[in-house]
$ cat target17.tsv   # TSV, C-alpha atoms
chain	number	residue	atom	x	y	z
U	1	MET	CA	0.00	0.00	0.00
U	2	THR	CA	1.26	3.46	-0.93
U	3	HIS	CA	0.49	6.32	1.45
U	4	GLN	CA	-0.26	9.84	0.23
U	5	ASP	CA	1.42	12.82	1.88
U	6	PRO	CA	0.21	16.41	1.74
U	7	SER	CA	1.48	18.33	-1.27
U	8	ARG	CA	4.61	20.47	-0.89
U	9	ASP	CA	5.91	23.48	-2.76
U	10	VAL	CA	9.32	21.86	-3.27
U	11	VAL	CA	10.81	18.45	-2.58
U	12	VAL	CA	14.62	18.43	-2.46
U	13	VAL	CA	16.24	15.02	-2.97
U	14	GLY	CA	19.61	15.05	-1.19
U	15	ALA	CA	20.40	16.86	2.06
U	16	ARG	CA	24.08	17.71	1.69
U	17	CYS	CA	25.65	21.07	0.78
U	18	ALA	CA	23.56	21.98	-2.25
U	19	GLY	CA	20.26	20.49	-1.15
U	20	THR	CA	20.23	21.93	2.36
U	21	ALA	CA	21.26	25.36	1.06
U	22	VAL	CA	18.40	25.43	-1.48
U	23	ALA	CA	15.95	24.23	1.17
U	24	ARG	CA	17.02	26.89	3.65
U	25	LEU	CA	16.88	29.74	1.16
U	26	LEU	CA	13.39	28.74	-0.03
U	27	ALA	CA	12.01	27.99	3.43
U	28	ALA	CA	13.28	31.36	4.66
U	29	ARG	CA	11.00	32.98	2.08
U	30	GLY	CA	7.98	31.08	3.31
U	31	HIS	CA	7.88	28.11	0.95
U	32	ASP	CA	6.91	24.62	2.10
U	33	VAL	CA	10.05	22.51	1.53
U	34	LEU	CA	10.72	18.85	2.26
U	35	LEU	CA	14.30	17.54	2.32
U	36	LEU	CA	14.84	13.83	1.67
U	37	ASP	CA	18.00	11.77	2.08
U	38	ARG	CA	18.55	8.02	2.16
U	39	ALA	CA	21.43	8.40	4.67
U	40	ASP	CA	21.07	9.00	8.38
U	41	LEU	CA	22.37	12.53	8.71
U	42	PRO	CA	24.53	14.25	9.66
U	43	GLY	CA	27.50	12.09	8.79
U	44	ASP	CA	30.75	12.11	6.89
U	45	THR	CA	31.03	11.70	3.13
U	46	VAL	CA	33.84	11.47	0.59
U	47	SER	CA	35.20	15.00	0.25
U	48	THR	CA	38.53	16.79	0.50
U	49	HIS	CA	36.31	19.60	1.94
U	50	GLY	CA	38.50	22.63	1.24
U	51	ILE	CA	36.29	25.67	0.69
U	52	ALA	CA	37.51	28.29	-1.77
U	53	ARG	CA	37.09	32.02	-1.18
U	54	GLY	CA	33.70	32.14	-2.90
U	55	GLY	CA	32.36	29.47	-0.57
U	56	VAL	CA	33.64	31.37	2.46
U	57	VAL	CA	31.91	34.48	1.11
U	58	GLN	CA	28.67	32.52	0.89
U	59	LEU	CA	28.99	31.22	4.45
U	60	ALA	CA	29.57	34.78	5.65
U	61	ARG	CA	26.64	36.20	3.66
U	62	TRP	CA	24.36	33.44	4.96
U	63	GLY	CA	25.34	34.07	8.59
U	64	LEU	CA	27.09	30.72	9.05
U	65	LEU	CA	30.84	31.43	8.90
U	66	ASP	CA	31.22	32.23	12.61
U	67	ARG	CA	29.42	29.02	13.48
U	68	VAL	CA	31.77	26.99	11.25
U	69	LEU	CA	34.81	28.59	12.89
U	70	ALA	CA	33.33	27.98	16.34
U	71	THR	CA	33.56	24.22	15.70
U	72	GLY	CA	37.35	24.45	15.73
U	73	ALA	CA	37.81	24.40	11.97
U	74	PRO	CA	40.88	26.65	11.72
U	75	ALA	CA	40.86	29.96	9.88
U	76	ILE	CA	43.43	29.34	7.13
U	77	ARG	CA	45.45	32.37	6.07
U	78	ASP	CA	48.54	30.83	4.45
U	79	VAL	CA	48.93	28.81	1.24
U	80	THR	CA	52.22	27.14	0.26
U	81	PHE	CA	53.15	25.65	-3.11
U	82	VAL	CA	56.03	23.13	-3.03
U	83	THR	CA	57.85	22.05	-6.20
U	84	ALA	CA	61.30	20.67	-6.93
U	85	ASP	CA	62.44	24.30	-7.30
U	86	GLY	CA	61.45	25.25	-3.75
U	87	GLU	CA	58.51	26.70	-1.83
U	88	LEU	CA	56.23	29.59	-2.72
U	89	HIS	CA	54.29	31.11	0.18
U	90	ARG	CA	51.16	33.20	-0.26
U	91	ARG	CA	49.13	35.01	2.37
U	92	VAL	CA	45.35	34.86	1.91
U	93	LYS	CA	44.56	38.48	1.14
U	94	ASP	CA	41.51	40.35	2.36
U	95	ARG	CA	39.26	40.29	-0.69
U	96	ALA	CA	35.53	40.18	-1.19
U	97	GLY	CA	35.15	40.80	2.54
U	98	VAL	CA	37.01	37.70	3.76
U	99	ASP	CA	40.65	37.11	4.64
U	100	LEU	CA	40.60	33.37	5.27
U	101	LEU	CA	39.83	29.96	3.85
U	102	VAL	CA	38.37	27.06	5.78
U	103	ALA	CA	38.12	23.27	5.43
U	104	PRO	CA	35.65	21.88	7.99
U	105	ARG	CA	34.93	18.18	8.22
U	106	ARG	CA	31.85	17.37	6.19
U	107	SER	CA	30.07	15.92	9.20
U	108	VAL	CA	30.51	19.32	10.87
U	109	LEU	CA	29.64	21.49	7.87
U	110	ASP	CA	26.65	19.43	6.79
U	111	ALA	CA	25.21	19.50	10.32
U	112	ILE	CA	25.43	23.30	10.41
U	113	LEU	CA	23.75	23.63	7.00
U	114	LEU	CA	21.05	21.16	7.97
U	115	ASP	CA	20.33	22.88	11.29
U	116	ALA	CA	20.03	26.19	9.44
U	117	ALA	CA	17.57	24.71	6.93
U	118	LEU	CA	15.43	23.27	9.72
U	119	ALA	CA	15.55	26.54	11.66
U	120	ALA	CA	14.25	28.31	8.54
U	121	GLY	CA	11.27	25.97	8.43
U	122	ALA	CA	12.25	23.15	6.06
U	123	ASP	CA	11.19	19.60	6.96
U	124	LEU	CA	13.57	16.63	6.83
U	125	ARG	CA	13.21	12.89	6.35
U	126	THR	CA	16.36	10.80	6.52
U	127	GLY	CA	16.65	7.08	5.89
U	128	THR	CA	14.26	7.69	3.00
U	129	THR	CA	14.92	6.50	-0.54
U	130	VAL	CA	13.30	8.04	-3.62
U	131	THR	CA	12.12	5.08	-5.69
U	132	GLY	CA	10.37	6.92	-8.52
U	133	LEU	CA	8.92	10.15	-9.86
U	134	LEU	CA	5.31	11.22	-10.13
U	135	ARG	CA	4.28	12.76	-13.45
U	136	ASP	CA	1.12	14.16	-14.97
U	137	ARG	CA	-0.24	13.24	-18.40
U	138	SER	CA	2.03	15.77	-20.11
U	139	GLY	CA	5.12	14.20	-18.54
U	140	ARG	CA	5.68	17.05	-16.10
U	141	VAL	CA	7.24	15.96	-12.80
U	142	THR	CA	4.70	16.43	-10.00
U	143	GLY	CA	6.38	14.74	-7.04
U	144	VAL	CA	8.27	11.67	-5.83
U	145	ARG	CA	7.59	8.19	-4.53
U	146	THR	CA	9.61	7.22	-1.46
U	147	ARG	CA	10.35	4.21	0.71
U	148	ASP	CA	11.38	4.47	4.33
U	149	GLY	CA	13.49	2.11	6.45
U	150	HIS	CA	10.43	0.06	7.33
U	151	GLY	CA	9.58	-0.53	3.68
U	152	ARG	CA	6.60	1.82	3.68
U	153	SER	CA	5.93	3.53	0.35
U	154	THR	CA	4.75	7.15	0.29
U	155	ASP	CA	3.88	9.50	-2.55
U	156	VAL	CA	4.74	13.17	-2.02
U	157	ALA	CA	3.24	15.60	-4.51
U	158	ALA	CA	5.15	18.81	-5.15
U	159	ARG	CA	5.06	21.83	-7.41
U	160	HIS	CA	8.77	21.29	-8.07
U	161	VAL	CA	11.39	18.59	-7.46
U	162	VAL	CA	15.07	19.45	-7.00
U	163	ALA	CA	17.65	16.71	-7.58
U	164	ALA	CA	20.62	17.34	-5.26
U	165	ASP	CA	21.58	13.71	-4.66
U	166	GLY	CA	25.14	13.90	-5.85
U	167	LEU	CA	27.54	12.43	-8.36
U	168	ARG	CA	25.71	9.11	-8.78
U	169	SER	CA	22.26	10.67	-8.71
U	170	ARG	CA	19.50	8.15	-9.29
U	171	THR	CA	17.03	11.00	-9.62
U	172	VAL	CA	18.93	12.34	-12.62
U	173	GLN	CA	18.67	8.92	-14.27
U	174	ARG	CA	14.90	8.92	-13.75
U	175	LEU	CA	14.59	12.47	-15.05
U	176	GLY	CA	16.62	11.70	-18.16
U	177	ALA	CA	18.63	14.93	-17.88
U	178	ALA	CA	20.97	15.32	-20.84
U	179	THR	CA	24.73	15.75	-20.49
U	180	LEU	CA	25.72	18.97	-22.24
U	181	GLN	CA	29.50	18.59	-22.06
U	182	GLY	CA	32.14	16.56	-20.28
U	183	PHE	CA	35.60	15.04	-20.35
U	184	GLU	CA	37.38	11.95	-19.03
U	185	ALA	CA	40.62	12.60	-17.16
U	186	ASP	CA	41.38	9.09	-15.85
U	187	ALA	CA	42.70	10.67	-12.65
U	188	SER	CA	41.97	9.54	-9.11
U	189	LEU	CA	42.29	10.99	-5.63
U	190	PHE	CA	42.86	9.32	-2.25
U	191	TYR	CA	43.22	10.86	1.20
U	192	PHE	CA	43.48	10.20	4.91
U	193	TYR	CA	43.48	12.35	8.05
U	194	VAL	CA	46.68	13.12	9.94
U	195	ALA	CA	47.08	14.41	13.51
U	196	ASP	CA	49.97	15.75	15.59
U	197	VAL	CA	51.48	17.88	12.83
U	198	ASP	CA	51.79	21.67	13.05
U	199	TRP	CA	50.24	22.71	9.75
U	200	ARG	CA	51.02	26.31	8.80
U	201	GLY	CA	48.09	26.44	6.38
U	202	ILE	CA	47.05	24.85	3.12
U	203	GLU	CA	49.87	23.05	1.31
U	204	PHE	CA	50.03	22.12	-2.37
U	205	HIS	CA	52.83	19.83	-3.59
U	206	VAL	CA	53.39	19.57	-7.33
U	207	SER	CA	55.57	17.04	-9.14
U	208	PRO	CA	55.42	15.29	-12.53
U	209	ASP	CA	52.04	13.55	-12.87
U	210	ALA	CA	51.12	14.23	-9.24
U	211	PHE	CA	49.34	16.85	-7.15
U	212	ALA	CA	49.20	16.44	-3.36
U	213	GLY	CA	48.29	18.60	-0.44
U	214	ALA	CA	46.98	19.15	3.05
U	215	PHE	CA	43.91	21.01	4.29
U	216	PRO	CA	43.93	21.72	8.06
U	217	THR	CA	40.53	20.81	9.52
U	218	ASN	CA	38.76	20.12	12.81
U	219	ASP	CA	40.29	18.42	15.86
U	220	GLY	CA	43.85	19.49	15.04
U	221	GLN	CA	43.91	17.21	12.00
U	222	ALA	CA	44.51	17.74	8.30
U	223	CYS	CA	43.10	16.04	5.25
U	224	VAL	CA	46.19	14.87	3.35
U	225	TRP	CA	45.45	13.90	-0.23
U	226	LEU	CA	47.13	12.76	-3.41
U	227	CYS	CA	45.82	13.10	-6.96
U	228	ARG	CA	47.48	11.16	-9.80
U	229	PRO	CA	46.59	9.40	-13.05
U	230	THR	CA	44.56	6.34	-12.09
U	231	PRO	CA	47.14	3.73	-13.26
U	232	ALA	CA	49.64	5.18	-10.75
U	233	PHE	CA	47.33	4.14	-7.89
U	234	THR	CA	47.39	0.41	-8.61
U	235	ALA	CA	49.34	-0.36	-5.44
U	236	VAL	CA	47.02	1.73	-3.29
U	237	ARG	CA	43.85	0.26	-4.74
U	238	SER	CA	45.05	-3.32	-4.26
U	239	ALA	CA	46.53	-2.86	-0.78
U	240	GLY	CA	43.51	-4.06	1.22
U	241	ASP	CA	43.89	-3.33	4.92
U	242	ARG	CA	47.37	-1.90	4.28
U	243	ARG	CA	46.00	0.92	2.16
U	244	SER	CA	47.23	3.67	4.52
U	245	SER	CA	50.81	2.38	4.22
U	246	ALA	CA	50.42	2.17	0.45
U	247	LEU	CA	49.16	5.74	0.20
U	248	LEU	CA	52.00	6.96	2.40
U	249	ALA	CA	54.47	5.15	0.12
U	250	ALA	CA	52.85	6.85	-2.87
U	251	LEU	CA	53.33	10.19	-1.11
U	252	ASP	CA	57.00	9.32	-0.54
U	253	ASP	CA	57.33	9.06	-4.30
U	254	ALA	CA	55.17	12.01	-5.38
U	255	ALA	CA	55.50	14.51	-2.53
U	256	PRO	CA	58.42	13.55	-0.24
U	257	VAL	CA	58.32	16.79	1.77
U	258	LEU	CA	54.66	16.21	2.60
U	259	ALA	CA	55.25	12.50	3.27
U	260	SER	CA	57.98	13.31	5.77
U	261	ARG	CA	55.58	15.56	7.68
U	262	VAL	CA	52.93	12.85	7.71
U	263	ARG	CA	55.48	10.39	9.12
U	264	ARG	CA	56.12	12.75	12.03
U	265	GLY	CA	52.41	12.69	12.87
U	266	ARG	CA	49.72	10.03	13.14
U	267	ILE	CA	47.38	8.73	10.46
U	268	VAL	CA	44.02	8.64	12.25
U	269	SER	CA	41.57	7.45	9.59
U	270	PRO	CA	41.12	4.88	6.84
U	271	VAL	CA	41.94	5.86	3.27
U	272	ARG	CA	39.05	7.24	1.26
U	273	GLY	CA	38.82	8.60	-2.24
U	274	CYS	CA	37.41	8.37	-5.73
U	275	VAL	CA	38.59	6.56	-8.84
U	276	SER	CA	38.33	8.29	-12.23
U	277	PRO	CA	35.33	10.47	-11.33
U	278	PRO	CA	33.50	11.92	-14.35
U	279	SER	CA	33.47	15.59	-15.26
U	280	TYR	CA	30.23	16.84	-16.80
U	281	VAL	CA	27.70	19.63	-17.12
U	282	ARG	CA	24.10	18.42	-17.27
U	283	GLN	CA	20.88	19.99	-18.39
U	284	ALA	CA	19.88	22.20	-15.46
U	285	TRP	CA	16.09	21.94	-15.53
U	286	GLY	CA	12.98	20.56	-17.14
U	287	PRO	CA	9.21	20.70	-16.57
U	288	GLY	CA	8.74	20.54	-12.82
U	289	TRP	CA	12.35	19.74	-11.95
U	290	SER	CA	15.87	21.13	-11.63
U	291	LEU	CA	19.39	19.96	-10.76
U	292	VAL	CA	21.89	21.47	-8.35
U	293	GLY	CA	25.24	20.49	-6.85
U	294	ASP	CA	27.04	17.41	-8.16
U	295	ALA	CA	23.80	16.12	-9.65
U	296	GLY	CA	23.94	18.94	-12.20
U	297	TYR	CA	27.63	19.66	-12.55
U	298	HIS	CA	30.77	17.86	-11.48
U	299	ARG	CA	34.41	18.25	-12.34
U	300	ASP	CA	37.56	16.42	-11.43
U	301	PRO	CA	38.41	17.15	-7.76
U	302	ILE	CA	41.88	18.38	-8.75
U	303	THR	CA	40.52	21.93	-8.45
U	304	GLY	CA	38.69	21.25	-5.15
U	305	HIS	CA	35.78	23.58	-5.84
U	306	GLY	CA	32.70	21.41	-5.36
U	307	ILE	CA	31.42	22.98	-2.13
U	308	THR	CA	31.75	26.50	-3.51
U	309	ASP	CA	29.95	25.43	-6.70
U	310	ALA	CA	27.15	23.97	-4.59
U	311	PHE	CA	26.72	27.15	-2.53
U	312	ARG	CA	26.78	29.45	-5.56
U	313	ASP	CA	24.33	27.41	-7.62
U	314	ALA	CA	22.01	26.77	-4.66
U	315	GLU	CA	21.45	30.50	-4.33
U	316	LEU	CA	20.92	30.96	-8.06
U	317	LEU	CA	18.37	28.14	-8.12
U	318	ALA	CA	16.55	29.27	-4.98
U	319	GLU	CA	16.07	32.73	-6.49
U	320	ALA	CA	14.69	31.24	-9.71
U	321	LEU	CA	12.39	28.82	-7.91
U	322	HIS	CA	11.04	31.54	-5.63
U	323	ASP	CA	10.02	33.51	-8.71
U	324	VAL	CA	8.39	30.42	-10.25
U	325	LEU	CA	6.48	29.62	-7.06
U	326	GLU	CA	5.29	33.23	-6.96
U	327	GLY	CA	3.88	32.94	-10.47
U	328	ALA	CA	6.74	33.77	-12.85
U	329	ASP	CA	7.13	31.89	-16.11
U	330	GLU	CA	9.00	28.65	-15.37
U	331	PRO	CA	10.99	28.37	-18.63
U	332	THR	CA	12.11	31.98	-18.33
U	333	SER	CA	13.16	31.84	-14.67
U	334	LEU	CA	14.81	28.41	-14.80
U	335	GLY	CA	16.38	29.26	-18.14
U	336	GLN	CA	18.02	32.23	-16.46
U	337	TYR	CA	19.26	29.95	-13.68
U	338	ALA	CA	20.79	27.59	-16.24
U	339	ALA	CA	22.46	30.45	-18.12
U	340	ALA	CA	23.89	31.97	-14.93
U	341	ARG	CA	25.16	28.59	-13.73
U	342	ASP	CA	26.79	27.77	-17.06
U	343	ALA	CA	28.47	31.16	-17.29
U	344	ALA	CA	29.78	30.87	-13.72
U	345	LEU	CA	31.32	27.45	-14.23
U	346	ALA	CA	32.80	27.90	-17.71
U	347	GLU	CA	36.29	29.20	-16.88
U	348	THR	CA	36.97	26.86	-13.99
U	349	PHE	CA	35.65	23.89	-15.94
U	350	ASP	CA	38.18	24.60	-18.69
U	351	LEU	CA	40.98	25.08	-16.13
U	352	THR	CA	40.07	21.78	-14.51
U	353	ARG	CA	40.32	20.04	-17.87
U	354	ALA	CA	43.82	21.48	-18.34
U	355	LEU	CA	45.02	20.66	-14.81
U	356	ALA	CA	43.65	17.10	-14.93
U	357	ARG	CA	46.07	16.39	-17.79
U	358	PHE	CA	48.95	16.92	-15.31
U	359	PRO	CA	51.05	19.36	-17.34
U	360	HIS	CA	54.68	20.07	-16.44
U	361	PRO	CA	54.89	21.28	-12.81
U	362	ALA	CA	55.83	24.83	-13.82
U	363	ARG	CA	52.79	25.02	-16.09
U	364	PHE	CA	50.68	23.36	-13.40
U	365	VAL	CA	51.55	26.14	-10.94
U	366	GLU	CA	50.77	28.77	-13.60
U	367	LEU	CA	47.34	27.24	-14.13
U	368	GLN	CA	46.75	27.15	-10.38
U	369	MET	CA	47.55	30.85	-10.18
U	370	GLN	CA	45.14	31.48	-13.05
U	371	LEU	CA	42.54	29.45	-11.16
U	372	ALA	CA	43.15	31.53	-8.02
U	373	ARG	CA	42.49	34.72	-9.97
U	374	ALA	CA	39.30	33.26	-11.41
U	375	LEU	CA	38.12	32.24	-7.94
U	376	ASP	CA	38.84	35.72	-6.59
U	377	ARG	CA	36.70	37.23	-9.36
U	378	GLU	CA	33.95	34.76	-8.51
U	379	ALA	CA	34.15	35.66	-4.83
U	380	THR	CA	33.93	39.38	-5.62
U	381	ALA	CA	30.82	38.79	-7.73
U	382	LEU	CA	29.20	36.75	-4.96
U	383	ALA	CA	30.05	39.35	-2.32
U	384	SER	CA	28.36	42.05	-4.40
U	385	ARG	CA	25.01	40.24	-4.34
U	386	PRO	CA	22.38	41.27	-1.78
U	387	VAL	CA	21.87	38.92	1.14
U	388	PRO	CA	19.06	36.52	0.17
U	389	ALA	CA	15.65	37.79	1.17
U	390	GLY	CA	14.16	36.36	4.33
U	391	LEU	CA	17.41	34.89	5.55
U	392	VAL	CA	17.98	34.70	9.27
U	393	ALA	CA	21.43	33.74	10.58
U	394	ALA	CA	21.61	30.31	12.12
U	395	PRO	CA	21.68	30.26	15.93
U	396	ALA	CA	25.10	30.16	17.56
U	397	ALA	CA	26.57	26.74	18.28

$ encode --input "target17.tsv" --output "structure tokens"
Amino acid sequence: MTHQDPSRDVVVVGARCAGTAVARLLAARGHDVLLLDRADLPGDTVSTHGIARGGVVQLARWGLLDRVLATGAPAIRDVTFVTADGELHRRVKDRAGVDLLVAPRRSVLDAILLDAALAAGADLRTGTTVTGLLRDRSGRVTGVRTRDGHGRSTDVAARHVVAADGLRSRTVQRLGAATLQGFEADASLFYFYVADVDWRGIEFHVSPDAFAGAFPTNDGQACVWLCRPTPAFTAVRSAGDRRSSALLAALDDAAPVLASRVRRGRIVSPVRGCVSPPSYVRQAWGPGWSLVGDAGYHRDPITGHGITDAFRDAELLAEALHDVLEGADEPTSLGQYAAARDAALAETFDLTRALARFPHPARFVELQMQLARALDREATALASRPVPAGLVAAPAA
């Protein structure tokens, strides 16, 4: 038997960075929003979790940056590039109203975003899987069918469905959203967490066919990661319960300065990562539905920009959906969202494609500097936007 729930304005499938941000921004403007996630949240997820300047700007504009810092996620104000030619230190300058970067654990960040969405009035159901879409006779999406942990099936009607369920989105498959562009890099990334090391700030280590680094995070730890062409990770992938030792050996080869620092500390987590993740831009919307976050756009993690992308696009989509729910023409409003999203991602998508080919280290650093300039421009544009209407800062931790 399938139960029928009351109709909602918006159902958001996926309650991580993008989904919770959309839900909060819409709920804050008085819309009836239901968040769904098949996981029991909050919890950790695969992520190197460094937040670029634009993402920090968004946290500040949304009233959440102080709460993130209050968790012990360090304010990062130094960035170091290490190559065979030496070290290049850069201070994080005061631009777009922020003078720091931050890399909170995802369990910490996602909990803050979720609490803010709930405080704004959004509803949440975890442990709930979307098993299908509801459509009218024209094919327009009109809601979702769900199944909870007890096997109970429920239909939830909605004026709009947002797919924010990540890289392997099942909702996207059901929607049939087209892929507009993409590339295959055949690169992979693995990481672990390291304690008892005095990290000055973010570190990037560049060598032929390798990019490694460290992001200081909560609890005095750092996320230490290595990105290489996938074939170079054969030993790590086949190491079984010795994967941490295998990744450390790979760091010895690719980033010996970083590896030596890791050896002076303690590895305090299993190895996690992703193998040859796809890079794509998907169709952003259709009748009754839209995509945001990794469901709509994903690029190789070598540029570490996914959280910032999610925050930026969540605000663009929430603005468009508010207009639609208030009576604006759906194709016009969502078409503007798609155009703004595609324009915002274009330069960094191209830079990601170039970096994922692992050019000579000197060229790699040049491209990273070009990326930094692009991200600063993005942050300035975000900082110039008005604070979203109806937004109330999340309560202090």

$ closest_residue --input "target17.tsv" --among "U:Thr217, U:Ser276, U:His360, U:Gln181" --to "Thr71 (chain U)" --atoms "all atoms listed in the file"
U:Thr217

$ atom_distance --input "target17.tsv" --atom1 "CA of Ser188 (chain U)" --atom2 "CA of Pro277 (chain U)"
7.1 Å

$ closest_residue --input "target17.tsv" --among "U:Arg312, U:Arg125, U:His322, U:Arg152" --to "Ala21 (chain U)" --atoms "only C-alpha atoms"
U:Arg312

$ closest_residue --input "target17.tsv" --among "U:Glu203, U:Asp294, U:Glu326, U:Asp40" --to "Asp309 (chain U)" --atoms "all atoms listed in the file"
U:Asp294

$ closest_atom_pairs --input "target17.tsv" --of "region 274-380 of chain U" --to "region 86-91 of chain U" --cutoff "12 Å" --atoms "all atoms listed in the file" --output "Markdown table"
| residue | atom | partner | partner_atom | distance |
| --- | --- | --- | --- | --- |
| U:Pro361 | CA | U:Gly86 | CA | 11.9 |
| U:Ala362 | CA | U:Gly86 | CA | 11.5 |
| U:Val365 | CA | U:Leu88 | CA | 10.1 |
| U:Met369 | CA | U:Arg90 | CA | 10.8 |
| U:Ala372 | CA | U:Arg90 | CA | 11.3 |

$ closest_residue --input "target17.tsv" --among "U:His31, U:Ala18, U:Met1, U:Tyr297" --to "Gly151 (chain U)" --atoms "only C-alpha atoms"
U:Met1
